[in-house]
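Visitor: My questions will all concern the structure given below.
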Amino acid sequence: WRLFDDGSLLAVNSHGVVTIRLNDGRVLTLPNPGTAYLIHADGKVEGHAARTEVIVQAQPTPPAAPTIAVTARTAGADYLEGAWSTTPVTVSFTCTSGVTVLSCPAAETVSADTGSAGISVSGTMTDFLGRSASASILVRIDATAPQLAPTVTPSPIKVGGSVVAEPNASDAGSGIATSSCAAPDTSAPGNKTLECSAADAAGNQAHATASYVV
């Protein structure tokens, strides 16, 4: 805005509306950007007049707020936040702002097993105006196969007798999803073996052999 007068600015609202007080005490509100001309006589000589010019401009639009977006990929595919991965996960950040971006986090790769809780990978960007934005993503990695300690009981087993085979699977990462053992063969005497297997929630698999005597 510009005042060609000795008036004073009273207020400017968020839409650019300007309220001014002129030197003669009048208060004017100009609702739209533009130019207003105020013509008034000086009261002394007919035809004498003075003109006050007021140019009102809308307040400038503030620059766009800073934003930061986080994405992740694993084994050449998009990674779903919080899902279990058996391969390293690379987290990347994309930063934007209506002004110059001063800092944006570098990509970060998570390779080691994270445990059941996972880890949060976060980043913060800043722009030229000192504004900041942050983003994070939960990453969970389990690249370790389950452990198996299979047993067959009782031992020895009578021919045609009842027997129980247990895989005794454990997994410190994503946890056991499935585990089982093949059915024991007690139809004839002898030294025998059976296979047990397990898979964890991340998809890692393990196999182990149990020996027994009939």
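All residue names refer to the structure tokens as shown: chains lettered A, B, ... in order, residues numbered from 1 in each chain, ligands numbered from 1 in order.
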Find the nearest atom pair between each residue of range 140-196 of chain A and range 203-206 of chain A for residues within 12 Å, count only C-alpha atoms, give distances in Å to one decimal, sort rows by chain and ascending number, and present the table as a Markdown table.
Guide:
```
| residue | atom | partner | partner_atom | distance |
| --- | --- | --- | --- | --- |
| A:Ile141 | CA | A:Gly203 | CA | 11.0 |
| A:Asp142 | CA | A:Asn204 | CA | 8.0 |
| A:Ala143 | CA | A:Asn204 | CA | 6.9 |
| A:Thr144 | CA | A:Asn204 | CA | 6.7 |
| A:Ala145 | CA | A:Asn204 | CA | 4.9 |
| A:Pro146 | CA | A:Ala206 | CA | 5.8 |
| A:Gln147 | CA | A:Ala206 | CA | 7.1 |
| A:Leu148 | CA | A:Ala206 | CA | 7.3 |
| A:Ala149 | CA | A:Ala206 | CA | 10.8 |
| A:Pro150 | CA | A:Ala206 | CA | 11.6 |
| A:Pro167 | CA | A:Ala206 | CA | 10.4 |
| A:Asn168 | CA | A:Ala206 | CA | 11.8 |
| A:Ala169 | CA | A:Ala206 | CA | 9.1 |
| A:Ser170 | CA | A:Ala206 | CA | 10.4 |
| A:Asp171 | CA | A:Asn204 | CA | 9.8 |
| A:Gly173 | CA | A:Asn204 | CA | 10.3 |
| A:Ser174 | CA | A:Gly203 | CA | 9.0 |
| A:Gly175 | CA | A:Gly203 | CA | 10.1 |
| A:Ile176 | CA | A:Asn204 | CA | 9.5 |
| A:Ala177 | CA | A:Gly203 | CA | 8.4 |
| A:Thr178 | CA | A:Gln205 | CA | 9.5 |
| A:Ser179 | CA | A:Ala206 | CA | 9.3 |
| A:Ser180 | CA | A:Ala206 | CA | 10.9 |
| A:Cys181 | CA | A:Ala206 | CA | 11.8 |
| A:Glu195 | CA | A:Ala206 | CA | 10.5 |
| A:Cys196 | CA | A:Ala206 | CA | 8.5 |
```
Visitor: Which of these residues is nearest to Val152 in chain A, using only C-alpha atoms: A:Ala106, A:Val89, A:Val70, A:Ala183?
Guide: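 Using only C-alpha atoms, Val152 in chain A sits closest to A:Ala183.
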Visitor: Identify which of the residues A:Ile137, A:Pro189, A:Gly123, A:Ala65 lies closest to Tyr79 in chain A, counting only C-alpha atoms when measuring atom-to-atom distances.
Guide: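 Under the stated criterion, the closest residue is A:Ile137.
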Visitor: Show which residues sit within 12 Å of Ala77 in chain A, as a PyMOL selection string. Count only C-alpha atoms, and ignore same-chain residues fewer than 5 positions away.
Guide: chain A and resi 71-72+85+87-90
